[in-house]
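Everything below belongs to data31.json, which stores JSON, C-alpha atoms and all ligand atoms.
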[["chain", "number", "residue", "atom", "x", "y", "z"],
["A", 243, "MET", "CA", 102.92, 43.26, 53.05],
["A", 244, "GLU", "CA", 102.05, 40.18, 55.03],
["A", 245, "SER", "CA", 105.14, 38.05, 54.77],
["A", 246, "LYS", "CA", 107.80, 36.12, 56.64],
["A", 247, "ILE", "CA", 111.34, 34.84, 56.38],
["A", 248, "GLN", "CA", 110.67, 31.54, 54.69],
["A", 249, "HIS", "CA", 114.15, 30.16, 55.26],
["A", 250, "LEU", "CA", 117.77, 31.07, 55.87],
["A", 251, "GLY", "CA", 120.31, 29.35, 53.60],
["A", 252, "VAL", "CA", 123.64, 28.43, 55.22],
["A", 253, "ALA", "CA", 126.49, 27.26, 52.96],
["A", 254, "VAL", "CA", 128.34, 24.37, 54.60],
["A", 255, "GLY", "CA", 131.24, 22.20, 53.56],
["A", 256, "SER", "CA", 129.40, 19.07, 54.68],
["A", 257, "ILE", "CA", 125.77, 18.66, 55.74],
["A", 258, "GLU", "CA", 126.69, 15.68, 57.91],
["A", 259, "ASP", "CA", 129.30, 17.73, 59.81],
["A", 260, "ALA", "CA", 126.98, 20.74, 60.15],
["A", 261, "LEU", "CA", 124.21, 18.53, 61.57],
["A", 262, "SER", "CA", 126.35, 17.88, 64.63],
["A", 263, "PHE", "CA", 125.53, 21.45, 65.64],
["A", 264, "TRP", "CA", 122.16, 22.23, 64.06],
["A", 265, "ARG", "CA", 120.46, 18.89, 64.82],
["A", 266, "ASP", "CA", 122.46, 17.17, 67.53],
["A", 267, "GLY", "CA", 123.53, 20.32, 69.40],
["A", 268, "LEU", "CA", 120.75, 22.84, 68.90],
["A", 269, "GLY", "CA", 118.08, 20.17, 68.69],
["A", 270, "LEU", "CA", 116.40, 21.08, 65.40],
["A", 271, "GLU", "CA", 114.69, 18.30, 63.53],
["A", 272, "LEU", "CA", 116.07, 17.23, 60.14],
["A", 273, "HIS", "CA", 112.98, 17.24, 57.98],
["A", 274, "GLU", "CA", 114.61, 15.97, 54.81],
["A", 275, "ILE", "CA", 117.55, 16.28, 52.45],
["A", 276, "GLU", "CA", 116.84, 17.12, 48.83],
["A", 277, "VAL", "CA", 119.18, 17.43, 45.85],
["A", 278, "VAL", "CA", 118.41, 20.37, 43.56],
["A", 279, "GLU", "CA", 120.27, 19.23, 40.42],
["A", 280, "ASP", "CA", 119.62, 22.49, 38.65],
["A", 281, "GLN", "CA", 121.58, 24.42, 41.27],
["A", 282, "GLY", "CA", 124.14, 21.72, 42.06],
["A", 283, "VAL", "CA", 123.24, 21.67, 45.70],
["A", 284, "ARG", "CA", 122.13, 19.30, 48.45],
["A", 285, "VAL", "CA", 119.67, 20.98, 50.78],
["A", 286, "ALA", "CA", 119.00, 19.83, 54.34],
["A", 287, "MET", "CA", 115.81, 21.35, 55.73],
["A", 288, "LEU", "CA", 115.43, 21.96, 59.44],
["A", 289, "PRO", "CA", 112.14, 23.59, 60.47],
["A", 290, "LEU", "CA", 112.50, 26.43, 62.98],
["A", 291, "GLY", "CA", 109.26, 28.12, 64.04],
["A", 292, "GLU", "CA", 107.34, 29.33, 61.01],
["A", 293, "SER", "CA", 110.61, 29.37, 59.10],
["A", 294, "ARG", "CA", 113.46, 26.94, 58.58],
["A", 295, "ILE", "CA", 117.21, 26.66, 58.28],
["A", 296, "GLU", "CA", 118.52, 25.20, 55.02],
["A", 297, "LEU", "CA", 122.01, 23.76, 55.07],
["A", 298, "LEU", "CA", 123.44, 23.99, 51.54],
["A", 299, "GLU", "CA", 126.17, 21.62, 50.42],
["A", 300, "ALA", "CA", 127.59, 21.96, 46.90],
["A", 301, "THR", "CA", 127.59, 18.86, 44.70],
["A", 302, "GLY", "CA", 130.73, 20.19, 42.98],
["A", 303, "GLU", "CA", 133.15, 23.13, 42.92],
["A", 304, "ASP", "CA", 131.65, 24.69, 39.82],
["A", 305, "THR", "CA", 128.25, 25.40, 41.36],
["A", 306, "PRO", "CA", 126.89, 28.57, 42.99],
["A", 307, "VAL", "CA", 127.41, 27.27, 46.52],
["A", 308, "GLY", "CA", 130.76, 25.66, 45.62],
["A", 309, "LYS", "CA", 132.03, 28.99, 44.28],
["A", 310, "PHE", "CA", 130.62, 30.88, 47.26],
["A", 311, "ILE", "CA", 132.50, 28.63, 49.71],
["A", 312, "ALA", "CA", 135.72, 28.83, 47.69],
["A", 313, "LYS", "CA", 135.53, 32.61, 47.71],
["A", 314, "ARG", "CA", 134.12, 33.44, 51.15],
["A", 315, "GLY", "CA", 134.09, 30.24, 53.14],
["A", 316, "ALA", "CA", 131.08, 28.63, 54.77],
["A", 317, "GLY", "CA", 128.46, 30.91, 56.25],
["A", 318, "ILE", "CA", 125.15, 32.64, 55.66],
["A", 319, "HIS", "CA", 124.44, 32.35, 51.94],
["A", 320, "HIS", "CA", 120.99, 33.82, 51.44],
["A", 321, "LEU", "CA", 117.77, 34.90, 53.06],
["A", 322, "CYS", "CA", 114.48, 33.76, 51.55],
["A", 323, "ILE", "CA", 111.43, 35.98, 51.85],
["A", 324, "GLU", "CA", 107.95, 34.80, 51.03],
["A", 325, "VAL", "CA", 105.87, 36.98, 48.72],
["A", 326, "GLU", "CA", 102.37, 36.76, 47.33],
["A", 327, "ASN", "CA", 103.43, 36.74, 43.68],
["A", 328, "VAL", "CA", 107.06, 36.39, 42.57],
["A", 329, "THR", "CA", 106.46, 37.53, 38.98],
["A", 330, "ALA", "CA", 104.71, 40.70, 40.13],
["A", 331, "LYS", "CA", 107.37, 41.42, 42.74],
["A", 332, "LEU", "CA", 110.16, 41.02, 40.16],
["A", 333, "ALA", "CA", 108.42, 43.50, 37.87],
["A", 334, "GLU", "CA", 108.00, 45.93, 40.75],
["A", 335, "LEU", "CA", 111.66, 45.66, 41.77],
["A", 336, "LYS", "CA", 112.86, 45.98, 38.20],
["A", 337, "ALA", "CA", 110.84, 49.18, 37.82],
["A", 338, "LYS", "CA", 112.74, 50.49, 40.88],
["A", 339, "ASN", "CA", 116.07, 49.64, 39.24],
["A", 340, "VAL", "CA", 116.83, 46.82, 41.65],
["A", 341, "ARG", "CA", 119.42, 44.45, 40.19],
["A", 342, "LEU", "CA", 117.94, 41.00, 39.68],
["A", 343, "ILE", "CA", 119.70, 37.68, 39.18],
["A", 344, "ASP", "CA", 116.53, 36.06, 37.88],
["A", 345, "GLU", "CA", 114.31, 38.14, 35.62],
["A", 346, "GLN", "CA", 111.78, 35.31, 35.62],
["A", 347, "PRO", "CA", 110.86, 32.93, 38.45],
["A", 348, "ARG", "CA", 112.25, 29.42, 38.31],
["A", 349, "ILE", "CA", 111.71, 26.19, 40.19],
["A", 350, "GLY", "CA", 113.64, 25.81, 43.42],
["A", 351, "ALA", "CA", 113.78, 23.18, 46.18],
["A", 352, "GLY", "CA", 110.48, 21.39, 46.69],
["A", 353, "GLY", "CA", 109.15, 22.69, 43.39],
["A", 354, "ALA", "CA", 108.62, 26.21, 44.77],
["A", 355, "LEU", "CA", 108.54, 29.22, 42.47],
["A", 356, "VAL", "CA", 111.64, 31.29, 43.33],
["A", 357, "ALA", "CA", 113.83, 34.13, 42.06],
["A", 358, "PHE", "CA", 117.05, 35.71, 43.34],
["A", 359, "VAL", "CA", 117.82, 39.40, 43.83],
["A", 360, "HIS", "CA", 121.45, 40.54, 43.48],
["A", 361, "PRO", "CA", 123.30, 41.46, 46.71],
["A", 362, "ALA", "CA", 124.48, 44.69, 45.06],
["A", 363, "SER", "CA", 120.96, 46.06, 45.52],
["A", 364, "THR", "CA", 120.16, 44.67, 48.97],
["A", 365, "GLY", "CA", 122.96, 45.78, 51.27],
["A", 366, "GLY", "CA", 125.13, 42.80, 50.46],
["A", 367, "VAL", "CA", 122.73, 39.94, 51.17],
["A", 368, "LEU", "CA", 121.65, 37.52, 48.48],
["A", 369, "ILE", "CA", 117.84, 37.55, 48.66],
["A", 370, "GLU", "CA", 115.62, 34.76, 47.40],
["A", 371, "LEU", "CA", 111.93, 35.44, 46.85],
["A", 372, "THR", "CA", 109.54, 32.54, 47.05],
["A", 373, "GLN", "CA", 105.89, 32.50, 46.19],
["A", 374, "ARG", "CA", 103.55, 31.56, 49.01],
["A", 375, "GLY", "CA", 101.67, 28.35, 48.37],
["A", 376, "THR", "CA", 104.11, 26.97, 45.81],
["A", 377, "GLY", "CA", 106.38, 24.02, 46.56],
["A", 378, "ASN", "CA", 105.71, 20.99, 48.69],
["A", 379, "HIS", "CA", 107.58, 21.96, 51.86],
["B", 401, "ZN", "ZN", 116.82, 29.18, 49.46]]

Target format structure tokens, applied to this file:
Amino acid sequence: MESKIQHLGVAVGSIEDALSFWRDGLGLELHEIEVVEDQGVRVAMLPLGESRIELLEATGEDTPVGKFIAKRGAGIHHLCIEVENVTAKLAELKAKNVRLIDEQPRIGAGGALVAFVHPASTGGVLIELTQRGTGNH
């Protein structure tokens, strides 16, 4: 499988505060900040090699990232892996009894086709699959 880590999602209390390390300290460039209403999250994208860091700030407490931070604190939230075809990969994983959060792909940041795999089946890491060539980032 020719693939790559497309991005690493880091849950933060405040994007502005986190930028003092990721942008001002480490020197990454802030490409843009996008609000994904559907997921109740603000996403700051910082390209890093062929991948990128995404800083995730909840827009409210009752959102996936808001709940994650309340329960576990800020930190690594998910790893996104690029695949050729998300729908086909979901079917393949389902056939192997992998627990999925999304049975069907949906639209994520930048309009990309994405789907999440449950941490219970991955060694404890929330995995996002994204389809190569979809999305505008
Ligand atoms: Zn992501």

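Take CA of Asp304 in chain A and CA of Glu370 in chain A: the distance between them is 20.4 Å.
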
Query - A:Val307, A:Ile323, A:Leu298, A:Leu290 ranked by distance to Glu276 in chain A, top pick (using only C-alpha atoms) - result: A:Leu298

Name each residue within 10 Å of ligand ZN 401 (chain B), counting all atoms listed in the file, as an mmCIF file with C-alpha atoms, keeping the file's coordinate frame.
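Dumped everything to selection-v8.cif:
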data_model
loop_
_atom_site.group_PDB
_atom_site.id
_atom_site.type_symbol
_atom_site.label_atom_id
_atom_site.label_comp_id
_atom_site.auth_asym_id
_atom_site.auth_seq_id
_atom_site.Cartn_x
_atom_site.Cartn_y
_atom_site.Cartn_z
ATOM 1 C CA GLN A 248 110.670 31.540 54.690
ATOM 2 C CA HIS A 249 114.150 30.160 55.260
ATOM 3 C CA LEU A 250 117.770 31.070 55.870
ATOM 4 C CA GLY A 251 120.310 29.350 53.600
ATOM 5 C CA VAL A 252 123.640 28.430 55.220
ATOM 6 C CA VAL A 285 119.670 20.980 50.780
ATOM 7 C CA ARG A 294 113.460 26.940 58.580
ATOM 8 C CA ILE A 295 117.210 26.660 58.280
ATOM 9 C CA GLU A 296 118.520 25.200 55.020
ATOM 10 C CA LEU A 297 122.010 23.760 55.070
ATOM 11 C CA LEU A 298 123.440 23.990 51.540
ATOM 12 C CA HIS A 319 124.440 32.350 51.940
ATOM 13 C CA HIS A 320 120.990 33.820 51.440
ATOM 14 C CA LEU A 321 117.770 34.900 53.060
ATOM 15 C CA CYS A 322 114.480 33.760 51.550
ATOM 16 C CA ILE A 323 111.430 35.980 51.850
ATOM 17 C CA GLY A 350 113.640 25.810 43.420
ATOM 18 C CA ALA A 351 113.780 23.180 46.180
ATOM 19 C CA ALA A 354 108.620 26.210 44.770
ATOM 20 C CA VAL A 356 111.640 31.290 43.330
ATOM 21 C CA ALA A 357 113.830 34.130 42.060
ATOM 22 C CA PHE A 358 117.050 35.710 43.340
ATOM 23 C CA LEU A 368 121.650 37.520 48.480
ATOM 24 C CA ILE A 369 117.840 37.550 48.660
ATOM 25 C CA GLU A 370 115.620 34.760 47.400
ATOM 26 C CA LEU A 371 111.930 35.440 46.850
ATOM 27 C CA THR A 372 109.540 32.540 47.050
#

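You can rank A:Glu324, A:Lys338, A:Pro289, A:Ala260 by their closest distance to Leu272 in chain A using only C-alpha atoms, and at the top of that list sits A:Pro289.
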
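Among the candidate residues A:Glu299, A:Glu326, A:Glu274, A:Glu279, the one lying nearest to Leu355 in chain A is A:Glu326, with distances computed using only C-alpha atoms.
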
Query raised in the report: Between CA of Glu334 in chain A and CA of Ser363 in chain A, what is the distance, to one decimal in Å?
Result: 13.8 Å

Query raised in the report: A:Ile257, A:Gln281, A:Thr329, A:Arg265: which is nearest Glu303 in chain A, counting only C-alpha atoms?
Result: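 Looking only at the distances to Glu303 in chain A, the closest residue turns out to be A:Gln281.
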
Query raised in the report: Which one of A:Ala362, A:Ala316, A:Ala300, A:Leu270 sits closest to Ile343 in chain A if you count all atoms listed in the file?
Result: A:Ala362

Report task. Could you check which of A:Gly366, A:Gly377, A:Leu261, A:Ile318 is closest to Arg348 in chain A, using only C-alpha atoms? Result -> A:Gly377

**Report entry** CA of Thr301 in chain A to CA of Arg284 in chain A, distance in Å rounded to a single decimal
**Finding:**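 Value for the CA of Thr301 in chain A-CA of Arg284 in chain A distance: 6.6 Å.
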
Query - Surrounding residues of Gly365 in chain A excluding itself and chain neighbours under 6 positions, 12 Å, all atoms listed in the file, as number ranges by chain - result: A: 340-341, 359
